[in-house]
$ cat entry39.cif   # mmCIF, C-alpha atoms
data_upload
#
loop_
_atom_site.group_PDB
_atom_site.id
_atom_site.type_symbol
_atom_site.label_atom_id
_atom_site.label_comp_id
_atom_site.auth_asym_id
_atom_site.auth_seq_id
_atom_site.Cartn_x
_atom_site.Cartn_y
_atom_site.Cartn_z
ATOM 1 C CA MET P 1278 -55.802 63.580 -45.362
ATOM 2 C CA ARG P 1279 -55.813 60.558 -43.042
ATOM 3 C CA VAL P 1280 -54.845 58.312 -45.926
ATOM 4 C CA ILE P 1281 -51.949 60.611 -46.810
ATOM 5 C CA ILE P 1282 -50.603 60.537 -43.241
ATOM 6 C CA ILE P 1283 -50.838 56.738 -43.049
ATOM 7 C CA VAL P 1284 -49.139 56.210 -46.413
ATOM 8 C CA VAL P 1285 -46.352 58.690 -45.588
ATOM 9 C CA LEU P 1286 -45.843 56.993 -42.226
ATOM 10 C CA LEU P 1287 -45.616 53.553 -43.840
ATOM 11 C CA VAL P 1288 -43.123 54.739 -46.457
ATOM 12 C CA PHE P 1289 -41.051 56.423 -43.725
ATOM 13 C CA ILE P 1290 -40.984 53.295 -41.547
ATOM 14 C CA SER P 1291 -40.035 50.993 -44.411
ATOM 15 C CA CYS P 1292 -37.371 53.473 -45.470
ATOM 16 C CA LYS P 1293 -35.895 53.555 -41.963
ATOM 17 C CA LYS P 1294 -35.774 49.763 -41.789
ATOM 18 C CA THR P 1295 -33.570 49.543 -44.880
ATOM 19 C CA THR P 1296 -30.933 51.844 -43.406
ATOM 20 C CA GLU P 1297 -30.721 50.307 -39.918
ATOM 21 C CA ASP P 1298 -27.868 47.848 -39.282
ATOM 22 C CA THR P 1299 -28.552 44.693 -37.335
ATOM 23 C CA PRO P 1300 -25.883 44.463 -34.607
ATOM 24 C CA LYS P 1301 -23.858 41.240 -34.668
ATOM 25 C CA THR P 1302 -23.823 39.141 -31.549
ATOM 26 C CA PHE P 1303 -20.769 36.935 -31.243
ATOM 27 C CA GLU P 1304 -20.942 33.665 -29.333
ATOM 28 C CA LEU P 1305 -17.778 33.456 -27.225
ATOM 29 C CA TYR P 1306 -16.677 30.379 -25.273
ATOM 30 C CA GLN P 1307 -17.359 30.538 -21.539
ATOM 31 C CA TYR P 1308 -14.527 28.962 -19.540
ATOM 32 C CA SER P 1309 -15.580 25.870 -17.618
ATOM 33 C CA GLU P 1310 -14.470 25.167 -14.056
ATOM 34 C CA MET P 1311 -12.039 22.560 -15.437
ATOM 35 C CA ALA P 1312 -10.581 24.981 -18.014
ATOM 36 C CA LEU P 1313 -9.920 27.561 -15.291
ATOM 37 C CA TYR P 1314 -8.459 24.854 -13.056
ATOM 38 C CA MET P 1315 -6.098 23.808 -15.876
ATOM 39 C CA HIS P 1316 -4.825 27.411 -15.956
ATOM 40 C CA SER P 1317 -4.037 27.129 -12.225
ATOM 41 C CA ILE P 1318 -2.178 23.860 -12.842
ATOM 42 C CA TYR P 1319 -0.201 25.572 -15.615
ATOM 43 C CA ASP P 1320 0.770 28.429 -13.269
ATOM 44 C CA MET P 1321 1.789 25.897 -10.596
ATOM 45 C CA HIS P 1322 4.055 24.120 -13.088
ATOM 46 C CA GLN P 1323 5.653 27.386 -14.120
ATOM 47 C CA GLU P 1324 6.519 28.111 -10.491
ATOM 48 C CA ILE P 1325 7.977 24.617 -10.018
ATOM 49 C CA LYS P 1326 9.957 24.922 -13.272
ATOM 50 C CA GLU P 1327 11.458 28.259 -12.191
ATOM 51 C CA SER P 1328 12.496 26.922 -8.796
ATOM 52 C CA ILE P 1329 14.155 23.866 -10.388
ATOM 53 C CA GLN P 1330 15.985 26.051 -12.908
ATOM 54 C CA THR P 1331 17.233 28.442 -10.223
ATOM 55 C CA GLY P 1332 18.025 25.645 -7.771
ATOM 56 C CA ASP P 1333 15.648 27.076 -5.180
ATOM 57 C CA GLN P 1334 13.453 25.048 -2.857
ATOM 58 C CA LEU P 1335 10.318 23.713 -4.562
ATOM 59 C CA PRO P 1336 7.234 25.871 -3.886
ATOM 60 C CA ALA P 1337 4.669 24.500 -1.441
ATOM 61 C CA LEU P 1338 1.813 22.607 -3.129
ATOM 62 C CA GLU P 1339 -1.066 24.959 -2.406
ATOM 63 C CA LEU P 1340 -3.364 23.899 -5.248
ATOM 64 C CA ASP P 1341 -6.090 21.390 -4.390
ATOM 65 C CA LEU P 1342 -5.047 18.657 -6.844
ATOM 66 C CA ASP P 1343 -8.058 16.472 -6.061
ATOM 67 C CA GLN P 1344 -10.151 19.027 -7.922
ATOM 68 C CA LEU P 1345 -8.932 17.247 -11.061
ATOM 69 C CA TYR P 1346 -11.468 14.542 -10.188
ATOM 70 C CA SER P 1347 -14.375 16.896 -9.562
ATOM 71 C CA ALA P 1348 -14.060 20.137 -11.565
ATOM 72 C CA GLU P 1349 -16.933 20.591 -13.985
ATOM 73 C CA MET P 1350 -15.956 20.141 -17.626
ATOM 74 C CA SER P 1351 -17.218 21.899 -20.766
ATOM 75 C CA ASP P 1352 -20.354 20.379 -22.306
ATOM 76 C CA ARG P 1353 -18.469 18.762 -25.144
ATOM 77 C CA PHE P 1354 -15.877 17.002 -22.963
ATOM 78 C CA VAL P 1355 -16.524 13.770 -21.111
ATOM 79 C CA ARG P 1356 -14.906 12.580 -17.886
ATOM 80 C CA ASN P 1357 -14.329 9.012 -19.086
ATOM 81 C CA GLU P 1358 -12.108 6.158 -17.857
ATOM 82 C CA SER P 1359 -9.189 7.363 -19.957
ATOM 83 C CA PHE P 1360 -9.345 10.824 -18.374
ATOM 84 C CA GLU P 1361 -9.603 9.329 -14.885
ATOM 85 C CA GLY P 1362 -6.588 7.118 -15.608
ATOM 86 C CA PHE P 1363 -4.496 10.023 -16.843
ATOM 87 C CA SER P 1364 -5.578 12.074 -13.825
ATOM 88 C CA ARG P 1365 -4.284 9.361 -11.467
ATOM 89 C CA LEU P 1366 -1.032 9.099 -13.454
ATOM 90 C CA TYR P 1367 -0.524 12.871 -13.354
ATOM 91 C CA LEU P 1368 -1.147 13.174 -9.616
ATOM 92 C CA GLN P 1369 1.267 10.304 -9.020
ATOM 93 C CA GLN P 1370 3.936 12.113 -11.077
ATOM 94 C CA VAL P 1371 3.389 15.379 -9.173
ATOM 95 C CA ALA P 1372 3.831 13.485 -5.902
ATOM 96 C CA PHE P 1373 7.120 12.061 -7.275
ATOM 97 C CA ILE P 1374 8.424 15.604 -7.894
ATOM 98 C CA TYR P 1375 8.193 16.174 -4.154
ATOM 99 C CA ASP P 1376 9.703 12.780 -3.228
ATOM 100 C CA THR P 1377 12.909 13.836 -1.510
ATOM 101 C CA LEU P 1378 14.147 10.237 -1.294
ATOM 102 C CA SER P 1379 13.972 9.646 -5.053
ATOM 103 C CA GLU P 1380 17.197 8.837 -6.876
ATOM 104 C CA VAL P 1381 15.799 10.279 -10.105
ATOM 105 C CA SER P 1382 16.725 13.926 -10.731
ATOM 106 C CA VAL P 1383 14.030 16.479 -9.869
ATOM 107 C CA LYS P 1384 14.199 17.780 -13.448
ATOM 108 C CA GLU P 1385 13.318 14.340 -14.821
ATOM 109 C CA ARG P 1386 10.535 13.832 -12.288
ATOM 110 C CA TYR P 1387 9.127 17.255 -13.153
ATOM 111 C CA ASN P 1388 9.280 16.553 -16.911
ATOM 112 C CA ASN P 1389 7.498 13.228 -16.367
ATOM 113 C CA ALA P 1390 4.574 15.104 -14.816
ATOM 114 C CA VAL P 1391 4.450 17.472 -17.815
ATOM 115 C CA HIS P 1392 4.590 14.480 -20.188
ATOM 116 C CA ALA P 1393 1.579 13.016 -18.342
ATOM 117 C CA CYS P 1394 -0.328 16.244 -19.149
ATOM 118 C CA ILE P 1395 0.696 16.024 -22.821
ATOM 119 C CA ALA P 1396 -0.276 12.348 -23.078
ATOM 120 C CA CYS P 1397 -3.725 13.099 -21.668
ATOM 121 C CA HIS P 1398 -4.231 16.081 -23.985
ATOM 122 C CA GLN P 1399 -3.342 13.896 -26.986
ATOM 123 C CA THR P 1400 -6.558 12.006 -26.285
ATOM 124 C CA THR P 1401 -8.819 14.827 -25.116
ATOM 125 C CA CYS P 1402 -7.868 18.346 -26.247
ATOM 126 C CA LEU P 1403 -4.965 18.940 -28.664
ATOM 127 C CA GLY P 1404 -5.110 22.744 -28.614
ATOM 128 C CA PRO P 1405 -2.973 23.572 -25.560
ATOM 129 C CA ILE P 1406 -0.223 20.985 -26.272
ATOM 130 C CA PRO P 1407 2.258 23.493 -27.818
ATOM 131 C CA LYS P 1408 1.806 25.706 -24.731
ATOM 132 C CA ILE P 1409 2.219 22.764 -22.326
ATOM 133 C CA LYS P 1410 5.411 21.692 -24.118
ATOM 134 C CA LYS P 1411 6.909 25.064 -23.163
ATOM 135 C CA LEU P 1412 6.770 23.876 -19.534
ATOM 136 C CA LEU P 1413 9.334 21.141 -20.216
ATOM 137 C CA ILE P 1414 12.860 21.731 -18.912
ATOM 138 C CA HIS P 1415 15.410 20.988 -21.647
ATOM 139 C CA MET K 779 -55.186 66.639 -57.986
ATOM 140 C CA LYS K 780 -56.429 65.633 -54.572
ATOM 141 C CA PHE K 781 -53.522 63.196 -54.256
ATOM 142 C CA LEU K 782 -50.809 65.628 -55.369
ATOM 143 C CA PRO K 783 -49.570 66.284 -51.791
ATOM 144 C CA LEU K 784 -49.426 62.518 -51.268
ATOM 145 C CA PHE K 785 -47.269 61.945 -54.344
ATOM 146 C CA ILE K 786 -44.993 64.861 -53.450
ATOM 147 C CA SER K 787 -44.558 63.535 -49.899
ATOM 148 C CA ILE K 788 -43.725 60.028 -51.082
ATOM 149 C CA PHE K 789 -41.333 61.429 -53.687
ATOM 150 C CA ILE K 790 -39.468 63.550 -51.091
ATOM 151 C CA ILE K 791 -39.239 60.685 -48.589
ATOM 152 C CA ALA K 792 -38.121 58.240 -51.282
ATOM 153 C CA ILE K 793 -35.321 60.607 -52.333
ATOM 154 C CA GLY K 794 -34.327 61.153 -48.712
ATOM 155 C CA CYS K 795 -34.362 57.417 -48.143
ATOM 156 C CA GLN K 796 -32.260 56.788 -51.225
ATOM 157 C CA SER K 797 -29.696 59.405 -50.213
ATOM 158 C CA ASN K 798 -29.521 57.784 -46.757
ATOM 159 C CA THR K 799 -28.774 54.462 -48.379
ATOM 160 C CA LYS K 800 -26.161 56.029 -50.624
ATOM 161 C CA ASN K 801 -24.493 57.656 -47.645
ATOM 162 C CA THR K 802 -24.423 54.278 -45.910
ATOM 163 C CA ASN K 803 -22.803 52.688 -48.941
ATOM 164 C CA ASN K 804 -20.301 55.503 -49.293
ATOM 165 C CA SER K 805 -19.469 55.322 -45.615
ATOM 166 C CA VAL K 806 -17.875 51.909 -46.207
ATOM 167 C CA THR K 807 -15.016 53.644 -47.921
ATOM 168 C CA THR K 808 -14.936 56.912 -45.985
ATOM 169 C CA GLU K 809 -15.659 55.920 -42.370
ATOM 170 C CA PRO K 810 -13.164 53.730 -40.486
ATOM 171 C CA VAL K 811 -14.113 50.054 -40.279
ATOM 172 C CA THR K 812 -14.776 48.931 -36.709
ATOM 173 C CA TYR K 813 -13.400 45.640 -35.433
ATOM 174 C CA LEU K 814 -13.725 43.354 -32.448
ATOM 175 C CA SER K 815 -10.106 42.894 -31.348
ATOM 176 C CA LEU K 816 -8.859 39.639 -29.791
ATOM 177 C CA GLY K 817 -5.376 38.779 -28.532
ATOM 178 C CA ASP K 818 -2.655 41.393 -29.040
ATOM 179 C CA SER K 819 -3.796 44.785 -30.262
ATOM 180 C CA ILE K 820 -3.223 44.952 -34.025
ATOM 181 C CA THR K 821 -4.395 47.125 -36.941
ATOM 182 C CA ASP K 822 -5.499 46.287 -40.476
ATOM 183 C CA VAL K 823 -2.780 48.519 -41.958
ATOM 184 C CA GLY K 824 -0.638 46.619 -44.452
ATOM 185 C CA SER K 825 -2.832 43.531 -44.348
ATOM 186 C CA LEU K 826 -2.401 41.302 -47.409
ATOM 187 C CA SER K 827 -5.360 40.137 -49.471
ATOM 188 C CA LYS K 828 -6.071 36.401 -49.459
ATOM 189 C CA GLU K 829 -4.783 36.222 -53.031
ATOM 190 C CA LYS K 830 -1.440 37.747 -51.991
ATOM 191 C CA MET K 831 -1.343 35.445 -48.977
ATOM 192 C CA ALA K 832 -1.815 32.431 -51.259
ATOM 193 C CA GLU K 833 1.172 33.666 -53.276
ATOM 194 C CA LEU K 834 3.221 33.965 -50.067
ATOM 195 C CA TYR K 835 2.319 30.414 -48.982
ATOM 196 C CA ALA K 836 3.354 29.185 -52.436
ATOM 197 C CA THR K 837 6.914 30.321 -51.649
ATOM 198 C CA LEU K 838 7.043 28.373 -48.344
ATOM 199 C CA ASP K 839 8.221 24.831 -47.807
ATOM 200 C CA ILE K 840 7.424 22.536 -44.872
ATOM 201 C CA HIS K 841 8.693 24.050 -41.582
ATOM 202 C CA ASP K 842 9.434 27.474 -43.161
ATOM 203 C CA THR K 843 7.956 30.275 -41.058
ATOM 204 C CA VAL K 844 7.226 33.873 -42.056
ATOM 205 C CA GLU K 845 5.642 36.796 -40.188
ATOM 206 C CA ALA K 846 2.488 37.948 -41.991
ATOM 207 C CA LYS K 847 -0.831 39.757 -41.732
ATOM 208 C CA PHE K 848 -3.756 39.103 -44.032
ATOM 209 C CA THR K 849 -7.495 39.581 -44.471
ATOM 210 C CA SER K 850 -9.861 36.781 -45.381
ATOM 211 C CA THR K 851 -13.240 35.216 -44.661
ATOM 212 C CA VAL K 852 -13.904 32.453 -42.141
ATOM 213 C CA ASN K 853 -14.895 29.049 -43.549
ATOM 214 C CA ALA K 854 -15.077 27.089 -40.273
ATOM 215 C CA VAL K 855 -14.541 27.493 -36.510
ATOM 216 C CA CYS K 856 -13.925 25.019 -33.681
ATOM 217 C CA GLN K 857 -17.372 24.430 -32.186
ATOM 218 C CA ARG K 858 -15.984 23.308 -28.821
ATOM 219 C CA LYS K 859 -14.251 26.530 -27.841
ATOM 220 C CA GLY K 860 -13.420 28.638 -30.887
ATOM 221 C CA CYS K 861 -9.770 27.610 -30.422
ATOM 222 C CA TRP K 862 -9.042 27.470 -34.175
ATOM 223 C CA MET K 863 -10.598 28.685 -37.409
ATOM 224 C CA ARG K 864 -10.126 27.966 -41.104
ATOM 225 C CA LEU K 865 -9.745 30.918 -43.463
ATOM 226 C CA ASP K 866 -10.397 31.019 -47.182
ATOM 227 C CA LEU K 867 -7.511 31.408 -49.615
ATOM 228 C CA GLU K 868 -7.508 31.552 -53.373
ATOM 229 C CA ASN K 869 -8.372 28.500 -55.523
ATOM 230 C CA GLY K 870 -10.203 26.580 -52.814
ATOM 231 C CA GLN K 871 -7.186 26.492 -50.497
ATOM 232 C CA GLU K 872 -7.643 27.121 -46.769
ATOM 233 C CA VAL K 873 -5.413 28.136 -43.846
ATOM 234 C CA GLN K 874 -5.898 26.646 -40.398
ATOM 235 C CA VAL K 875 -5.392 29.407 -37.814
ATOM 236 C CA LYS K 876 -4.554 28.717 -34.178
ATOM 237 C CA PHE K 877 -3.972 31.305 -31.473
ATOM 238 C CA LYS K 878 -0.656 31.958 -29.756
ATOM 239 C CA ASP K 879 -0.191 30.046 -26.510
ATOM 240 C CA TYR K 880 -3.882 29.096 -26.541
ATOM 241 C CA GLY K 881 -4.219 32.597 -25.109
ATOM 242 C CA PHE K 882 -7.563 33.584 -26.628
ATOM 243 C CA PHE K 883 -10.446 32.122 -28.621
ATOM 244 C CA VAL K 884 -12.655 33.489 -31.400
ATOM 245 C CA PRO K 885 -16.477 33.450 -31.438
ATOM 246 C CA MET K 886 -17.931 30.129 -32.542
ATOM 247 C CA ASN K 887 -20.477 31.759 -34.889
ATOM 248 C CA LEU K 888 -17.905 33.350 -37.155
ATOM 249 C CA ASP K 889 -18.603 31.529 -40.446
ATOM 250 C CA GLY K 890 -18.568 33.912 -43.406
ATOM 251 C CA GLU K 891 -17.206 36.852 -41.389
ATOM 252 C CA GLU K 892 -14.243 38.931 -42.510
ATOM 253 C CA VAL K 893 -11.195 38.829 -40.234
ATOM 254 C CA VAL K 894 -7.649 40.156 -40.139
ATOM 255 C CA VAL K 895 -4.987 37.926 -38.576
ATOM 256 C CA GLU K 896 -1.386 38.772 -37.675
ATOM 257 C CA GLY K 897 1.256 36.227 -36.726
ATOM 258 C CA LYS K 898 3.339 33.414 -38.188
ATOM 259 C CA ALA K 899 2.511 31.598 -41.426
ATOM 260 C CA TYR K 900 3.971 28.117 -41.856
ATOM 261 C CA ILE K 901 3.344 24.782 -43.506
ATOM 262 C CA SER K 902 3.304 21.495 -41.636
ATOM 263 C CA VAL K 903 1.834 18.012 -41.810
ATOM 264 C CA LEU K 904 -1.380 17.281 -39.927
ATOM 265 C CA THR K 905 -1.560 13.640 -38.879
ATOM 266 C CA GLU K 906 -4.667 11.533 -39.396
ATOM 267 C CA HIS K 907 -5.255 11.708 -35.619
ATOM 268 C CA GLU K 908 -5.121 15.525 -35.676
ATOM 269 C CA LYS K 909 -7.368 15.750 -38.745
ATOM 270 C CA LYS K 910 -9.980 13.518 -37.107
ATOM 271 C CA TYR K 911 -9.757 15.576 -33.927
ATOM 272 C CA TYR K 912 -10.325 18.866 -35.777
ATOM 273 C CA ALA K 913 -13.222 17.331 -37.733
ATOM 274 C CA SER K 914 -14.763 16.349 -34.403
ATOM 275 C CA ASP K 915 -14.180 19.931 -33.146
ATOM 276 C CA GLU K 916 -15.990 21.171 -36.213
ATOM 277 C CA GLY K 917 -19.009 19.025 -35.401
ATOM 278 C CA LYS K 918 -18.639 16.531 -38.291
ATOM 279 C CA SER K 919 -20.569 13.268 -38.077
ATOM 280 C CA GLU K 920 -18.960 9.973 -36.993
ATOM 281 C CA GLU K 921 -19.187 8.708 -40.586
ATOM 282 C CA GLU K 922 -17.393 11.787 -41.915
ATOM 283 C CA ILE K 923 -14.683 11.457 -39.263
ATOM 284 C CA ALA K 924 -14.217 7.732 -39.967
ATOM 285 C CA ALA K 925 -13.716 8.544 -43.657
ATOM 286 C CA ILE K 926 -10.658 10.713 -42.885
ATOM 287 C CA THR K 927 -7.425 8.866 -43.634
ATOM 288 C CA GLY K 928 -3.736 9.687 -43.970
ATOM 289 C CA ASP K 929 -1.581 12.693 -43.145
ATOM 290 C CA THR K 930 -1.915 15.957 -45.095
ATOM 291 C CA LYS K 931 0.436 18.842 -45.821
ATOM 292 C CA THR K 932 -1.489 21.835 -44.441
ATOM 293 C CA LEU K 933 -1.213 25.627 -44.541
ATOM 294 C CA LEU K 934 -1.081 26.825 -40.924
ATOM 295 C CA PHE K 935 -0.996 30.159 -39.111
ATOM 296 C CA GLU K 936 -0.284 31.058 -35.488
ATOM 297 C CA ALA K 937 -2.069 34.364 -34.801
ATOM 298 C CA HIS K 938 -1.096 36.634 -31.913
ATOM 299 C CA GLY K 939 -3.873 39.103 -32.812
ATOM 300 C CA VAL K 940 -7.217 38.893 -34.623
ATOM 301 C CA LEU K 941 -9.596 41.603 -35.813
ATOM 302 C CA ILE K 942 -13.215 40.673 -36.587
ATOM 303 C CA LYS K 943 -15.112 43.105 -38.787
ATOM 304 C CA GLU K 944 -18.200 44.346 -36.914
#
$ encode --input "entry39.cif" --output "structure tokens"
Amino acid sequence: MRVIIIVVLLVFISCKKTTEDTPKTFELYQYSEMALYMHSIYDMHQEIKESIQTGDQLPALELDLDQLYSAEMSDRFVRNESFEGFSRLYLQQVAFIYDTLSEVSVKERYNNAVHACIACHQTTCLGPIPKIKKLLIH
Amino acid sequence: MKFLPLFISIFIIAIGCQSNTKNTNNSVTTEPVTYLSLGDSITDVGSLSKEKMAELYATLDIHDTVEAKFTSTVNAVCQRKGCWMRLDLENGQEVQVKFKDYGFFVPMNLDGEEVVVEGKAYISVLTEHEKKYYASDEGKSEEEIAAITGDTKTLLFEAHGVLIKE
């Protein structure tokens, strides 16, 4: 009788195993501090673009732009000399947007800052370039 | 004779087990397929097969764009973020899928999975620089990346919604 119970139990367990589905676990990207910061920069540019297009006063620069030098990047990206150089160029261009004494139109100064973003992304991360290009004022 | 109850028990369980398996197989066609949805909410209704999608691409020229939805299997995914994937088409062709406005990413362990994508199908030229970049995204070796030369006419797709079969 004991043998019967054991054999039936074994058959039942093996039977159950064949019908159970193994749940899939998907490995999704976790946003880095830098990736989230880039989203904030994008939002800032959208605000500036809107104010230039409507002729309103430029919004106050509330974002801590120096975070570009310190925000933690994804594992597969490296903060190299090229990135540091583009960061300096970009911050310079953003400062020019707010230069009230400049003889260059605010639209051109703004677009130059966006072009600095695009130039950097050409060397580091191509993916968001089409989205960044939508920030340009034509 | 002593083992008759044993044989009967095994027989009954085996039949029950088999019918369970059959029900599972049948359920593929009768129960709704469940998906992980990314991006805009879409359905699989009206989705083209990869063979039909290959036929549609064959009618396109460079810079033509057409709205489409199709079902295929994943051949490769960006291993940095999941910001693009390559889907299988007929005759060894592949489509490179990117996601609208960089607004969402797909899981990085998606190779071989079935997906439905909805968005814009188009054909463009990927430069050598872009091809090397995507190869790097895919995790190819430095030697493999160095061997990539020239621009290539490529089948592309901008998806605003993706369904991943669970």
$ atom_distance --input "entry39.cif" --atom1 "CA of Cys861 in chain K" --atom2 "CA of Phe883 in chain K"
4.9 Å
$ atom_distance --input "entry39.cif" --atom1 "CA of Glu1385 in chain P" --atom2 "CA of Ala1312 in chain P"
26.4 Å
$ residues_around --input "entry39.cif" --residues "Lys878 in chain K" --least-positions-apart "3" --cutoff "8 Å" --atoms "all atoms listed in the file" --output "PyMOL selection string"
chain K and resi 881-882+936-938
$ atom_distance --input "entry39.cif" --atom1 "CA of Glu906 in chain K" --atom2 "CA of Thr927 in chain K"
5.7 Å
$ resolve_selection --input "entry39.cif" --expression "the PyMOL selection byres ((chain P and resi 1354) around 12)" --output "VMD selection string"
(chain P and resid 1309 1311 to 1312 1348 to 1353 1355 to 1357 1360 1398 1400 to 1402) or (chain K and resid 857 to 859 914 to 915)
$ resolve_selection --input "entry39.cif" --expression "the PyMOL selection byres ((chain K and resi 866-869) around 12)" --output "ChimeraX atom specification"
/K:826-836,848-855,863-865,870-875,889-894,933-934
$ closest_residue --input "entry39.cif" --among "K:Pro810, K:Gly917, K:Gly897, K:Gly824" --to "chain P" --atoms "only C-alpha atoms"
K:Gly917
$ closest_residue --input "entry39.cif" --among "K:Ile942, K:Val895, K:Met886, K:Ile901" --to "chain P" --atoms "only C-alpha atoms"
K:Met886
$ residues_around --input "entry39.cif" --residues "Tyr1346 in chain P" --least-positions-apart "3" --cutoff "8 Å" --atoms "all atoms listed in the file" --output "number ranges by chain"
P: 1343, 1361, 1364
$ axis_aligned_box --input "entry39.cif" --around "range 1403-1408 of chain P" --padding-each-side "6 Å" --output "AutoDock Vina command-line options"
--center_x -1.4 --center_y 22.3 --center_z -26.7 --size_x 19.4 --size_y 18.8 --size_z 15.9
$ resolve_selection --input "entry39.cif" --expression "the PyMOL selection byres ((chain K and resi 814) around 6)" --output "ChimeraX atom specification"
/K:813,815,941-942
$ residues_around --input "entry39.cif" --residues "Leu1340 in chain P" --least-positions-apart "5" --cutoff "9 Å" --atoms "all atoms listed in the file" --output "MDAnalysis selection string"
chainID P and resid 1317:1318 1321
$ residues_around --input "entry39.cif" --residues "Phe1303 in chain P" --least-positions-apart "6" --cutoff "9 Å" --atoms "all atoms listed in the file" --output "NGL selection string"
:K and (884-888)
$ closest_residue --input "entry39.cif" --among "P:Ile1406, P:Ala1396, P:Leu1305, P:Leu1338" --to "Asp1320 in chain P" --atoms "all atoms listed in the file"
P:Leu1338
$ closest_residue --input "entry39.cif" --among "K:Asp879, K:Asp929, K:Glu922, K:Asp842" --to "chain P" --atoms "all atoms listed in the file"
K:Asp879
$ closest_residue --input "entry39.cif" --among "K:Lys918, K:Lys943, K:His907, K:His841" --to "Leu816 in chain K" --atoms "only C-alpha atoms"
K:Lys943
